[in-house]
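Worksheet: the structure to be examined is printed underneath.
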Amino acid sequence: MRKIVSGLLMGLLFVGCAKQETTYTIQGEWKGGDGKVIYLKKDLGNKQYEVLDSAIVANGVFKMQKPLGDVDERILQIDGSTNIVILDSVPIQVKCENVKKTVRGKEKESVKIEISGSVEQDIFKTVLLAQRDEMMIMLGLSFMGKEGKENSGMVDSLAQIYIAMKAKTEKTIDSLVTNYPDCHASALIINNFVVKNKDLAEVERMYDGLTPRIKNAYLGRKLKATIDNIKKTSLGNVAPDFTLQAPDGKNVSLADFRGKYVLLDFWASWCGPCLREVPNVKKVYDKYHDKGFEILSVSLDDKKDNWTNAIEKYDLNWVHVSSLQGWDCPVAKLYNVSGVPAMLLIDKEGKIIATKLRGELLMEKVAEQFGE
């Protein structure tokens, strides 16, 4: 992976980013794929997609070409596989090949897909590959963790590999964004990856380095909107109000709790770290509830039964709401939640006075408000 990324970075230094023109072109070859349909889709969120274009493979080739509009990320669906591309004015070349492989003693056919295009494509692909490798190590850690203590040495080794790989990914992202400030992909990378892992100052530093052309383009404006939202939910600001439904169907608003200290708690029934945090949260609630402390938990579940069963199972006897839209929860997006658990402490006037609260820090911050 190191050689691949290093080589790509060196190669990209001599190439400019694509300028927006009037049309996009996606063309490809697929020997043996006649009759198959290639789809170009837009991710609408909440597992909903809009088909923007399609092409049928005929005589081993296919092609799509339409007005471009804004340069943005899109999904190229080929034989059920999802391939993220940046749609710009430089033709995207796709090569599909039917391959056979043996899985558990049975031969199966799949499609090998190679996608190439502009520098925008290459930059974003570099980050996606790095993220994929991180995910593979995380899966390995999860698997080894279930195997027991006898594999603790291997778990430690994988953990060190993951830490090193994550640091390398961050370095790669910083290098790409710094060297390609006039690329739409740089704005997309900051919005999709940097915002989740860095503080506001770092995000703004990277944004400030982008060229005016990219700042004024769609992905640049989208990144600016994200930054503005982060500022709205930063320390000292009034927490944005919202309304969601409780398990009984009644509407609950954050404004309903004005005059009390409120812990805004983002969690999910499927989140192991959230459930491990439950004893700390319950301890704080039991100690300070009668003194004017409330908890408003926003679940990122997408199935009501999972959500309500967890509330009952773990005896979470405070106020709960959810949009039941998973990661597409509008309130999670409003508060720029990219991981759970995520907890914010809000004072009686509705101002955010503490964030990133977990473990003993949660008890300390709440205790401070009550003079302890």
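The chains in the structure tokens are called A, B, ... from first to last as shown; in each chain the residues are counted from 1, and the ligands are counted from 1 in the order shown.
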
Write out as an mmCIF file with N, CA and C atoms, in the first residue's frame each polymer residue whose atoms come within 9 Å of stretch 107-121 of chain A, counting only C-alpha atoms; drop sequence neighbours fewer than 5 positions from it.
```cif
data_model
loop_
_atom_site.group_PDB
_atom_site.id
_atom_site.type_symbol
_atom_site.label_atom_id
_atom_site.label_comp_id
_atom_site.auth_asym_id
_atom_site.auth_seq_id
_atom_site.Cartn_x
_atom_site.Cartn_y
_atom_site.Cartn_z
ATOM 1 N N LEU A 12 0.900 12.553 -9.229
ATOM 2 C CA LEU A 12 -0.114 13.610 -9.230
ATOM 3 C C LEU A 12 0.499 15.005 -9.194
ATOM 4 N N VAL A 15 0.403 16.873 -12.494
ATOM 5 C CA VAL A 15 -0.850 16.954 -13.243
ATOM 6 C C VAL A 15 -1.767 17.969 -12.589
ATOM 7 N N GLY A 16 -2.518 18.707 -13.380
ATOM 8 C CA GLY A 16 -3.462 19.679 -12.837
ATOM 9 C C GLY A 16 -4.822 19.066 -12.632
ATOM 10 N N CYS A 17 -5.664 19.730 -11.854
ATOM 11 C CA CYS A 17 -7.015 19.241 -11.618
ATOM 12 C C CYS A 17 -7.944 19.673 -12.739
ATOM 13 N N ALA A 18 -9.025 18.918 -12.866
ATOM 14 C CA ALA A 18 -9.954 19.156 -13.974
ATOM 15 C C ALA A 18 -10.728 20.456 -13.799
ATOM 16 N N GLY A 28 -16.931 2.554 -21.092
ATOM 17 C CA GLY A 28 -16.247 1.372 -20.606
ATOM 18 C C GLY A 28 -16.309 0.183 -21.532
ATOM 19 N N ILE A 78 -22.200 -1.331 -10.771
ATOM 20 C CA ILE A 78 -21.885 -2.302 -11.811
ATOM 21 C C ILE A 78 -22.066 -3.705 -11.266
ATOM 22 N N ASP A 79 -23.016 -4.420 -11.809
ATOM 23 C CA ASP A 79 -23.267 -5.799 -11.397
ATOM 24 C C ASP A 79 -23.433 -5.919 -9.881
ATOM 25 N N SER A 81 -22.134 -4.085 -7.562
ATOM 26 C CA SER A 81 -21.067 -3.475 -6.771
ATOM 27 C C SER A 81 -21.186 -1.953 -6.803
ATOM 28 N N ASN A 83 -19.344 1.638 -6.637
ATOM 29 C CA ASN A 83 -18.055 2.279 -6.883
ATOM 30 C C ASN A 83 -18.241 3.789 -6.817
ATOM 31 N N VAL A 85 -17.293 7.531 -7.433
ATOM 32 C CA VAL A 85 -16.494 8.301 -8.381
ATOM 33 C C VAL A 85 -16.771 9.785 -8.168
ATOM 34 N N ILE A 86 -15.850 10.607 -8.627
ATOM 35 C CA ILE A 86 -16.094 12.045 -8.667
ATOM 36 C C ILE A 86 -16.456 12.384 -10.102
ATOM 37 N N LEU A 87 -17.660 12.871 -10.277
ATOM 38 C CA LEU A 87 -18.154 13.172 -11.619
ATOM 39 C C LEU A 87 -17.687 14.560 -12.034
ATOM 40 N N ASP A 88 -16.778 14.602 -13.012
ATOM 41 C CA ASP A 88 -16.295 15.874 -13.518
ATOM 42 C C ASP A 88 -16.254 15.814 -15.038
ATOM 43 N N SER A 89 -15.585 16.762 -15.661
ATOM 44 C CA SER A 89 -15.622 16.872 -17.116
ATOM 45 C C SER A 89 -14.642 15.951 -17.836
ATOM 46 N N VAL A 90 -13.709 15.354 -17.094
ATOM 47 C CA VAL A 90 -12.746 14.440 -17.711
ATOM 48 C C VAL A 90 -13.387 13.067 -17.858
ATOM 49 N N PRO A 91 -13.353 12.456 -19.030
ATOM 50 C CA PRO A 91 -13.991 11.145 -19.234
ATOM 51 C C PRO A 91 -13.512 10.106 -18.228
ATOM 52 N N ILE A 92 -14.459 9.367 -17.690
ATOM 53 C CA ILE A 92 -14.167 8.274 -16.774
ATOM 54 C C ILE A 92 -14.110 6.983 -17.588
ATOM 55 N N GLN A 93 -13.007 6.284 -17.462
ATOM 56 C CA GLN A 93 -12.812 5.036 -18.190
ATOM 57 C C GLN A 93 -13.053 3.862 -17.249
ATOM 58 N N VAL A 94 -13.874 2.907 -17.697
ATOM 59 C CA VAL A 94 -14.204 1.747 -16.877
ATOM 60 C C VAL A 94 -13.850 0.469 -17.636
ATOM 61 N N LYS A 95 -13.142 -0.412 -16.978
ATOM 62 C CA LYS A 95 -12.821 -1.699 -17.578
ATOM 63 C C LYS A 95 -13.341 -2.806 -16.678
ATOM 64 N N CYS A 96 -14.251 -3.619 -17.206
ATOM 65 C CA CYS A 96 -14.843 -4.719 -16.453
ATOM 66 C C CYS A 96 -14.368 -6.051 -17.027
ATOM 67 N N GLU A 97 -14.081 -6.974 -16.139
ATOM 68 C CA GLU A 97 -13.606 -8.284 -16.574
ATOM 69 C C GLU A 97 -14.260 -9.374 -15.728
ATOM 70 N N ASN A 98 -14.882 -10.331 -16.384
ATOM 71 C CA ASN A 98 -15.468 -11.462 -15.671
ATOM 72 C C ASN A 98 -14.359 -12.397 -15.207
ATOM 73 N N VAL A 99 -14.317 -12.661 -13.911
ATOM 74 C CA VAL A 99 -13.295 -13.550 -13.353
ATOM 75 C C VAL A 99 -13.958 -14.622 -12.501
ATOM 76 N N LYS A 100 -13.267 -15.739 -12.391
ATOM 77 C CA LYS A 100 -13.767 -16.847 -11.574
ATOM 78 C C LYS A 100 -12.811 -17.095 -10.418
ATOM 79 N N LYS A 101 -13.393 -17.374 -9.258
ATOM 80 C CA LYS A 101 -12.575 -17.713 -8.098
ATOM 81 C C LYS A 101 -13.282 -18.776 -7.269
ATOM 82 N N THR A 102 -12.504 -19.517 -6.523
ATOM 83 C CA THR A 102 -13.044 -20.602 -5.713
ATOM 84 C C THR A 102 -13.246 -20.134 -4.279
ATOM 85 N N THR A 126 -7.132 7.436 -3.734
ATOM 86 C CA THR A 126 -6.024 7.234 -2.802
ATOM 87 C C THR A 126 -6.522 7.198 -1.361
ATOM 88 N N CYS A 183 -8.472 21.461 -6.360
ATOM 89 C CA CYS A 183 -9.212 20.254 -6.740
ATOM 90 C C CYS A 183 -10.483 20.115 -5.902
ATOM 91 N N HIS A 184 -11.564 19.769 -6.572
ATOM 92 C CA HIS A 184 -12.827 19.516 -5.869
ATOM 93 C C HIS A 184 -12.653 18.378 -4.866
ATOM 94 N N ALA A 185 -11.815 17.401 -5.214
ATOM 95 C CA ALA A 185 -11.600 16.248 -4.338
ATOM 96 C C ALA A 185 -11.060 16.668 -2.978
ATOM 97 N N SER A 186 -10.265 17.720 -2.929
ATOM 98 C CA SER A 186 -9.711 18.182 -1.656
ATOM 99 C C SER A 186 -10.816 18.649 -0.713
#
```

For this session: Write out as a VMD selection string each polymer residue whose atoms come within 9 Å of A:Lys232, counting only C-alpha atoms; drop sequence neighbours fewer than 6 positions from it.
Result: chain A and resid 238 to 240 334 to 335

File dump, residues just selected, N, CA and C atoms, as a compact mmCIF listing (two decimals), in the first residue's frame:
```txt
# COMPACT_ATOMS: atom_id res chain seq x y z
N VAL A 238 -25.41 28.77 21.81
CA VAL A 238 -26.70 28.20 22.20
C VAL A 238 -26.94 26.96 21.36
N ALA A 239 -27.25 25.86 22.00
CA ALA A 239 -27.47 24.60 21.30
C ALA A 239 -28.69 24.73 20.38
N PRO A 240 -28.55 24.39 19.10
CA PRO A 240 -29.68 24.48 18.17
C PRO A 240 -30.86 23.64 18.64
N LEU A 334 -27.20 17.87 12.33
CA LEU A 334 -27.21 19.24 12.85
C LEU A 334 -26.07 19.46 13.83
N TYR A 335 -25.78 18.41 14.64
CA TYR A 335 -24.74 18.50 15.65
C TYR A 335 -23.41 17.89 15.20
```

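Every protein or nucleic acid residue with an atom no more than 7 Å from stretch 54-61 of chain A, counting only C-alpha atoms and leaving out same-chain residues fewer than 3 positions away, appears here: Gly28, Glu29, Trp30, Lys31, Gly32, Gly33, Asp34, Gly35, Lys36, Val37, Ile38, Tyr39, Leu40 and Met64 of chain A.
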
Would you mind exporting the chosen residues as a PDB file, in the first residue's frame, restricted to N, CA, C and O atoms?
```pdb
ATOM      1  N   GLY A  28     -16.931   2.554 -21.092  1.00  0.00           N
ATOM      2  CA  GLY A  28     -16.247   1.372 -20.606  1.00  0.00           C
ATOM      3  C   GLY A  28     -16.309   0.183 -21.532  1.00  0.00           C
ATOM      4  O   GLY A  28     -17.046   0.170 -22.533  1.00  0.00           O
ATOM      5  N   GLU A  29     -15.522  -0.833 -21.161  1.00  0.00           N
ATOM      6  CA  GLU A  29     -15.475  -2.094 -21.885  1.00  0.00           C
ATOM      7  C   GLU A  29     -15.853  -3.221 -20.927  1.00  0.00           C
ATOM      8  O   GLU A  29     -15.454  -3.219 -19.769  1.00  0.00           O
ATOM      9  N   TRP A  30     -16.632  -4.155 -21.457  1.00  0.00           N
ATOM     10  CA  TRP A  30     -17.000  -5.319 -20.639  1.00  0.00           C
ATOM     11  C   TRP A  30     -17.261  -6.501 -21.568  1.00  0.00           C
ATOM     12  O   TRP A  30     -18.373  -6.721 -22.021  1.00  0.00           O
ATOM     13  N   LYS A  31     -16.206  -7.227 -21.847  1.00  0.00           N
ATOM     14  CA  LYS A  31     -16.332  -8.406 -22.693  1.00  0.00           C
ATOM     15  C   LYS A  31     -17.141  -9.462 -21.944  1.00  0.00           C
ATOM     16  O   LYS A  31     -16.829  -9.826 -20.810  1.00  0.00           O
ATOM     17  N   GLY A  32     -18.211  -9.923 -22.582  1.00  0.00           N
ATOM     18  CA  GLY A  32     -19.089 -10.891 -21.933  1.00  0.00           C
ATOM     19  C   GLY A  32     -20.146 -10.246 -21.064  1.00  0.00           C
ATOM     20  O   GLY A  32     -20.858 -10.942 -20.333  1.00  0.00           O
ATOM     21  N   GLY A  33     -20.258  -8.925 -21.137  1.00  0.00           N
ATOM     22  CA  GLY A  33     -21.239  -8.239 -20.293  1.00  0.00           C
ATOM     23  C   GLY A  33     -22.450  -7.732 -21.044  1.00  0.00           C
ATOM     24  O   GLY A  33     -23.244  -6.958 -20.488  1.00  0.00           O
ATOM     25  N   ASP A  34     -22.611  -8.144 -22.310  1.00  0.00           N
ATOM     26  CA  ASP A  34     -23.743  -7.664 -23.107  1.00  0.00           C
ATOM     27  C   ASP A  34     -25.070  -7.882 -22.393  1.00  0.00           C
ATOM     28  O   ASP A  34     -25.343  -8.968 -21.856  1.00  0.00           O
ATOM     29  N   GLY A  35     -25.886  -6.834 -22.401  1.00  0.00           N
ATOM     30  CA  GLY A  35     -27.192  -6.909 -21.754  1.00  0.00           C
ATOM     31  C   GLY A  35     -27.193  -6.401 -20.330  1.00  0.00           C
ATOM     32  O   GLY A  35     -28.255  -6.087 -19.775  1.00  0.00           O
ATOM     33  N   LYS A  36     -26.020  -6.293 -19.719  1.00  0.00           N
ATOM     34  CA  LYS A  36     -25.929  -5.777 -18.350  1.00  0.00           C
ATOM     35  C   LYS A  36     -26.174  -4.260 -18.359  1.00  0.00           C
ATOM     36  O   LYS A  36     -25.885  -3.581 -19.342  1.00  0.00           O
ATOM     37  N   VAL A  37     -26.714  -3.751 -17.253  1.00  0.00           N
ATOM     38  CA  VAL A  37     -27.021  -2.325 -17.150  1.00  0.00           C
ATOM     39  C   VAL A  37     -26.107  -1.674 -16.116  1.00  0.00           C
ATOM     40  O   VAL A  37     -25.986  -2.162 -14.989  1.00  0.00           O
ATOM     41  N   ILE A  38     -25.479  -0.596 -16.503  1.00  0.00           N
ATOM     42  CA  ILE A  38     -24.630   0.197 -15.602  1.00  0.00           C
ATOM     43  C   ILE A  38     -25.441   1.403 -15.152  1.00  0.00           C
ATOM     44  O   ILE A  38     -26.048   2.094 -15.975  1.00  0.00           O
ATOM     45  N   TYR A  39     -25.445   1.664 -13.841  1.00  0.00           N
ATOM     46  CA  TYR A  39     -26.234   2.775 -13.313  1.00  0.00           C
ATOM     47  C   TYR A  39     -25.330   3.843 -12.685  1.00  0.00           C
ATOM     48  O   TYR A  39     -24.359   3.525 -11.998  1.00  0.00           O
ATOM     49  N   LEU A  40     -25.678   5.088 -12.918  1.00  0.00           N
ATOM     50  CA  LEU A  40     -25.056   6.215 -12.234  1.00  0.00           C
ATOM     51  C   LEU A  40     -26.084   6.743 -11.235  1.00  0.00           C
ATOM     52  O   LEU A  40     -27.193   7.118 -11.618  1.00  0.00           O
ATOM     53  N   MET A  64     -22.091   6.646 -21.217  1.00  0.00           N
ATOM     54  CA  MET A  64     -23.061   7.623 -20.719  1.00  0.00           C
ATOM     55  C   MET A  64     -22.480   9.011 -20.960  1.00  0.00           C
ATOM     56  O   MET A  64     -21.282   9.220 -20.765  1.00  0.00           O
TER      57      MET A  64
END
```

Exercise. So which residues touch stretch 260-270 of chain A within 8 Å, counting only C-alpha atoms, skipping near sequence neighbours fewer than 2 positions away, as a ChimeraX atom specification?
Worked result: /A:257-258,272,274-275,292-301,306-307,310,332,337,340-348

For this session: Quick one: pick out all strand (DSSP E or B) residues within stretch 285-343 of chain A from a backbone DSSP run and write them as a list in words.
Result: Phe293, Glu294, Ile295, Leu296, Ser297, Val298, Ser299, Val319, His320, Val321, Ser322, Ala342 and Met343 of chain A

Problem set entry | Residues of stretch 253-308 of chain A in alpha helix (DSSP H), written as a PyMOL selection string | chain A and resi 272-288+304-308

Grab the residues selected above and save them as a PDB file, in the first residue's frame with N, CA, C and O atoms.
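Output file again.pdb is given in full below:
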```pdb
ATOM      1  N   GLY A 272     -21.531  -0.752  21.042  1.00  0.00           N
ATOM      2  CA  GLY A 272     -20.909  -1.326  22.232  1.00  0.00           C
ATOM      3  C   GLY A 272     -20.360  -0.279  23.186  1.00  0.00           C
ATOM      4  O   GLY A 272     -20.639  -0.333  24.398  1.00  0.00           O
ATOM      5  N   PRO A 273     -19.573   0.696  22.703  1.00  0.00           N
ATOM      6  CA  PRO A 273     -19.049   1.737  23.600  1.00  0.00           C
ATOM      7  C   PRO A 273     -20.158   2.530  24.299  1.00  0.00           C
ATOM      8  O   PRO A 273     -19.991   2.964  25.442  1.00  0.00           O
ATOM      9  N   CYS A 274     -21.304   2.714  23.605  1.00  0.00           N
ATOM     10  CA  CYS A 274     -22.427   3.428  24.227  1.00  0.00           C
ATOM     11  C   CYS A 274     -22.952   2.635  25.424  1.00  0.00           C
ATOM     12  O   CYS A 274     -23.212   3.204  26.497  1.00  0.00           O
ATOM     13  N   LEU A 275     -23.109   1.337  25.232  1.00  0.00           N
ATOM     14  CA  LEU A 275     -23.648   0.496  26.302  1.00  0.00           C
ATOM     15  C   LEU A 275     -22.657   0.377  27.458  1.00  0.00           C
ATOM     16  O   LEU A 275     -23.070   0.289  28.624  1.00  0.00           O
ATOM     17  N   ARG A 276     -21.358   0.397  27.151  1.00  0.00           N
ATOM     18  CA  ARG A 276     -20.355   0.353  28.222  1.00  0.00           C
ATOM     19  C   ARG A 276     -20.344   1.659  29.019  1.00  0.00           C
ATOM     20  O   ARG A 276     -19.910   1.693  30.168  1.00  0.00           O
ATOM     21  N   GLU A 277     -20.830   2.718  28.404  1.00  0.00           N
ATOM     22  CA  GLU A 277     -20.884   4.025  29.066  1.00  0.00           C
ATOM     23  C   GLU A 277     -22.119   4.174  29.950  1.00  0.00           C
ATOM     24  O   GLU A 277     -22.200   5.098  30.787  1.00  0.00           O
ATOM     25  N   VAL A 278     -23.086   3.281  29.779  1.00  0.00           N
ATOM     26  CA  VAL A 278     -24.356   3.374  30.506  1.00  0.00           C
ATOM     27  C   VAL A 278     -24.181   3.497  32.023  1.00  0.00           C
ATOM     28  O   VAL A 278     -24.820   4.352  32.657  1.00  0.00           O
ATOM     29  N   PRO A 279     -23.346   2.677  32.679  1.00  0.00           N
ATOM     30  CA  PRO A 279     -23.206   2.814  34.139  1.00  0.00           C
ATOM     31  C   PRO A 279     -22.773   4.215  34.566  1.00  0.00           C
ATOM     32  O   PRO A 279     -23.268   4.736  35.576  1.00  0.00           O
ATOM     33  N   ASN A 280     -21.868   4.848  33.800  1.00  0.00           N
ATOM     34  CA  ASN A 280     -21.431   6.210  34.131  1.00  0.00           C
ATOM     35  C   ASN A 280     -22.571   7.206  33.998  1.00  0.00           C
ATOM     36  O   ASN A 280     -22.763   8.076  34.856  1.00  0.00           O
ATOM     37  N   VAL A 281     -23.339   7.060  32.927  1.00  0.00           N
ATOM     38  CA  VAL A 281     -24.451   7.973  32.682  1.00  0.00           C
ATOM     39  C   VAL A 281     -25.522   7.812  33.763  1.00  0.00           C
ATOM     40  O   VAL A 281     -26.054   8.803  34.291  1.00  0.00           O
ATOM     41  N   LYS A 282     -25.825   6.566  34.100  1.00  0.00           N
ATOM     42  CA  LYS A 282     -26.844   6.315  35.125  1.00  0.00           C
ATOM     43  C   LYS A 282     -26.408   6.862  36.486  1.00  0.00           C
ATOM     44  O   LYS A 282     -27.220   7.405  37.244  1.00  0.00           O
ATOM     45  N   LYS A 283     -25.133   6.740  36.776  1.00  0.00           N
ATOM     46  CA  LYS A 283     -24.615   7.230  38.060  1.00  0.00           C
ATOM     47  C   LYS A 283     -24.795   8.743  38.177  1.00  0.00           C
ATOM     48  O   LYS A 283     -25.216   9.258  39.213  1.00  0.00           O
ATOM     49  N   VAL A 284     -24.488   9.449  37.092  1.00  0.00           N
ATOM     50  CA  VAL A 284     -24.645  10.902  37.093  1.00  0.00           C
ATOM     51  C   VAL A 284     -26.122  11.284  37.180  1.00  0.00           C
ATOM     52  O   VAL A 284     -26.498  12.195  37.934  1.00  0.00           O
ATOM     53  N   TYR A 285     -26.957  10.599  36.425  1.00  0.00           N
ATOM     54  CA  TYR A 285     -28.394  10.900  36.417  1.00  0.00           C
ATOM     55  C   TYR A 285     -29.000  10.677  37.804  1.00  0.00           C
ATOM     56  O   TYR A 285     -29.760  11.526  38.311  1.00  0.00           O
ATOM     57  N   ASP A 286     -28.683   9.563  38.434  1.00  0.00           N
ATOM     58  CA  ASP A 286     -29.245   9.243  39.749  1.00  0.00           C
ATOM     59  C   ASP A 286     -28.812  10.259  40.803  1.00  0.00           C
ATOM     60  O   ASP A 286     -29.585  10.583  41.712  1.00  0.00           O
ATOM     61  N   LYS A 287     -27.595  10.787  40.658  1.00  0.00           N
ATOM     62  CA  LYS A 287     -27.075  11.709  41.670  1.00  0.00           C
ATOM     63  C   LYS A 287     -27.609  13.128  41.518  1.00  0.00           C
ATOM     64  O   LYS A 287     -27.852  13.823  42.520  1.00  0.00           O
ATOM     65  N   TYR A 288     -27.846  13.554  40.278  1.00  0.00           N
ATOM     66  CA  TYR A 288     -28.184  14.964  40.066  1.00  0.00           C
ATOM     67  C   TYR A 288     -29.568  15.232  39.483  1.00  0.00           C
ATOM     68  O   TYR A 288     -29.949  16.395  39.339  1.00  0.00           O
ATOM     69  N   LYS A 304     -37.331   0.568  15.429  1.00  0.00           N
ATOM     70  CA  LYS A 304     -37.912   0.978  16.707  1.00  0.00           C
ATOM     71  C   LYS A 304     -37.770  -0.085  17.784  1.00  0.00           C
ATOM     72  O   LYS A 304     -37.469   0.221  18.939  1.00  0.00           O
ATOM     73  N   ASP A 305     -37.993  -1.354  17.426  1.00  0.00           N
ATOM     74  CA  ASP A 305     -37.923  -2.420  18.430  1.00  0.00           C
ATOM     75  C   ASP A 305     -36.534  -2.493  19.061  1.00  0.00           C
ATOM     76  O   ASP A 305     -36.411  -2.676  20.286  1.00  0.00           O
ATOM     77  N   ASN A 306     -35.506  -2.385  18.257  1.00  0.00           N
ATOM     78  CA  ASN A 306     -34.140  -2.424  18.794  1.00  0.00           C
ATOM     79  C   ASN A 306     -33.914  -1.284  19.773  1.00  0.00           C
ATOM     80  O   ASN A 306     -33.285  -1.443  20.831  1.00  0.00           O
ATOM     81  N   TRP A 307     -34.414  -0.117  19.409  1.00  0.00           N
ATOM     82  CA  TRP A 307     -34.271   1.076  20.245  1.00  0.00           C
ATOM     83  C   TRP A 307     -35.012   0.923  21.573  1.00  0.00           C
ATOM     84  O   TRP A 307     -34.416   1.054  22.645  1.00  0.00           O
ATOM     85  N   THR A 308     -36.302   0.621  21.506  1.00  0.00           N
ATOM     86  CA  THR A 308     -37.111   0.553  22.724  1.00  0.00           C
ATOM     87  C   THR A 308     -36.734  -0.638  23.607  1.00  0.00           C
ATOM     88  O   THR A 308     -36.791  -0.542  24.836  1.00  0.00           O
TER      89      THR A 308
END
```

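Nearest residue to A:Ile84 among A:Val203, A:Leu68, A:Ile230, A:Val127 is A:Val127, counting only C-alpha atoms.
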
Please tabulate, as a Markdown table, the residues of stretch 230-271 of chain A that come within 9 Å of stretch 351-354 of chain A, each with its closest pair of atoms and the distance in Å to one decimal, counting only C-alpha atoms and ordering rows by chain, then residue number upward.
```
| residue | atom | partner | partner_atom | distance |
| --- | --- | --- | --- | --- |
| A:Thr233 | CA | A:Ile352 | CA | 7.2 |
| A:Ser234 | CA | A:Ile352 | CA | 6.9 |
| A:Leu235 | CA | A:Ile352 | CA | 5.2 |
| A:Gly236 | CA | A:Ile352 | CA | 5.4 |
| A:Asn237 | CA | A:Lys351 | CA | 5.3 |
| A:Val238 | CA | A:Lys351 | CA | 4.1 |
| A:Ala239 | CA | A:Lys351 | CA | 5.7 |
```

Save the residues we just selected, all heavy atoms, as an mmCIF file, in the first residue's frame?
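Written out: part-v2.cif:
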```cif
data_model
loop_
_atom_site.group_PDB
_atom_site.id
_atom_site.type_symbol
_atom_site.label_atom_id
_atom_site.label_comp_id
_atom_site.auth_asym_id
_atom_site.auth_seq_id
_atom_site.Cartn_x
_atom_site.Cartn_y
_atom_site.Cartn_z
ATOM 1 N N THR A 233 -22.477 24.528 17.021
ATOM 2 C CA THR A 233 -22.547 23.559 18.117
ATOM 3 C C THR A 233 -21.237 23.497 18.899
ATOM 4 O O THR A 233 -20.935 22.492 19.534
ATOM 5 C CB THR A 233 -22.887 22.157 17.573
ATOM 6 O OG1 THR A 233 -21.912 21.781 16.568
ATOM 7 C CG2 THR A 233 -24.258 22.137 16.962
ATOM 8 N N SER A 234 -20.450 24.576 18.847
ATOM 9 C CA SER A 234 -19.202 24.629 19.600
ATOM 10 C C SER A 234 -19.446 25.264 20.962
ATOM 11 O O SER A 234 -20.509 25.835 21.231
ATOM 12 C CB SER A 234 -18.139 25.415 18.825
ATOM 13 O OG SER A 234 -18.576 26.734 18.584
ATOM 14 N N LEU A 235 -18.459 25.161 21.830
ATOM 15 C CA LEU A 235 -18.587 25.661 23.195
ATOM 16 C C LEU A 235 -18.969 27.145 23.225
ATOM 17 O O LEU A 235 -18.451 27.950 22.460
ATOM 18 C CB LEU A 235 -17.269 25.473 23.944
ATOM 19 C CG LEU A 235 -16.871 24.032 24.273
ATOM 20 C CD1 LEU A 235 -15.488 24.016 24.916
ATOM 21 C CD2 LEU A 235 -17.882 23.390 25.202
ATOM 22 N N GLY A 236 -19.915 27.472 24.115
ATOM 23 C CA GLY A 236 -20.327 28.854 24.299
ATOM 24 C C GLY A 236 -21.521 29.274 23.470
ATOM 25 O O GLY A 236 -22.140 30.300 23.751
ATOM 26 N N ASN A 237 -21.861 28.483 22.453
ATOM 27 C CA ASN A 237 -23.007 28.812 21.608
ATOM 28 C C ASN A 237 -24.279 28.180 22.151
ATOM 29 O O ASN A 237 -24.239 27.154 22.848
ATOM 30 C CB ASN A 237 -22.776 28.328 20.176
ATOM 31 C CG ASN A 237 -21.749 29.169 19.455
ATOM 32 O OD1 ASN A 237 -21.754 30.392 19.546
ATOM 33 N ND2 ASN A 237 -20.844 28.524 18.736
ATOM 34 N N VAL A 238 -25.406 28.775 21.807
ATOM 35 C CA VAL A 238 -26.696 28.202 22.197
ATOM 36 C C VAL A 238 -26.936 26.961 21.355
ATOM 37 O O VAL A 238 -26.816 26.989 20.120
ATOM 38 C CB VAL A 238 -27.837 29.212 21.988
ATOM 39 C CG1 VAL A 238 -29.189 28.559 22.264
ATOM 40 C CG2 VAL A 238 -27.644 30.423 22.900
ATOM 41 N N ALA A 239 -27.246 25.862 21.998
ATOM 42 C CA ALA A 239 -27.474 24.599 21.301
ATOM 43 C C ALA A 239 -28.686 24.726 20.381
ATOM 44 O O ALA A 239 -29.761 25.156 20.825
ATOM 45 C CB ALA A 239 -27.708 23.475 22.301
#
```

Exercise. When you draw a straight line from atom CA of A:Arg205 to atom CA of A:Asp174, how long is it in Å?
Worked result: 10.8 Å

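Take atom CA of A:Ala187 and atom CA of A:Leu324: the distance between them is 29.6 Å.
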
Problem set entry | Shell around A:Lys196 at 9 Å using only C-alpha atoms, local window under 5 positions removed, as an MDAnalysis selection string | chainID A and resid 190:191 336:339

Residues as selected, all heavy atoms, written as a compact mmCIF listing (two decimals), in the first residue's frame, can you do that?
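Output file result35.txt follows:
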```txt
# COMPACT_ATOMS: atom_id res chain seq x y z
N ILE A 190 -11.84 16.78 2.88
CA ILE A 190 -11.93 17.49 4.16
C ILE A 190 -13.30 17.24 4.80
O ILE A 190 -13.40 16.95 5.99
CB ILE A 190 -11.71 19.01 3.97
CG1 ILE A 190 -10.30 19.28 3.43
CG2 ILE A 190 -11.91 19.75 5.29
CD1 ILE A 190 -10.07 20.72 3.00
N ASN A 191 -14.34 17.35 3.99
CA ASN A 191 -15.70 17.20 4.51
C ASN A 191 -16.00 15.77 4.95
O ASN A 191 -16.65 15.55 5.97
CB ASN A 191 -16.71 17.62 3.44
CG ASN A 191 -17.99 18.19 4.04
OD1 ASN A 191 -18.09 18.37 5.26
ND2 ASN A 191 -18.95 18.48 3.21
N ASN A 336 -23.33 17.56 13.90
CA ASN A 336 -22.10 17.04 13.31
C ASN A 336 -21.57 15.82 14.05
O ASN A 336 -20.37 15.67 14.28
CB ASN A 336 -21.02 18.13 13.29
CG ASN A 336 -21.46 19.36 12.55
OD1 ASN A 336 -21.59 19.35 11.34
ND2 ASN A 336 -21.73 20.43 13.28
N VAL A 337 -22.47 14.93 14.41
CA VAL A 337 -22.08 13.70 15.10
C VAL A 337 -21.58 12.70 14.08
O VAL A 337 -22.30 12.28 13.18
CB VAL A 337 -23.29 13.11 15.88
CG1 VAL A 337 -22.92 11.75 16.47
CG2 VAL A 337 -23.73 14.07 16.97
N SER A 338 -20.32 12.30 14.22
CA SER A 338 -19.73 11.33 13.30
C SER A 338 -19.39 10.01 13.99
O SER A 338 -18.91 9.08 13.35
CB SER A 338 -18.47 11.91 12.67
OG SER A 338 -17.52 12.26 13.66
N GLY A 339 -19.63 9.94 15.29
CA GLY A 339 -19.39 8.71 16.04
C GLY A 339 -20.15 8.75 17.34
O GLY A 339 -20.41 9.83 17.89
```
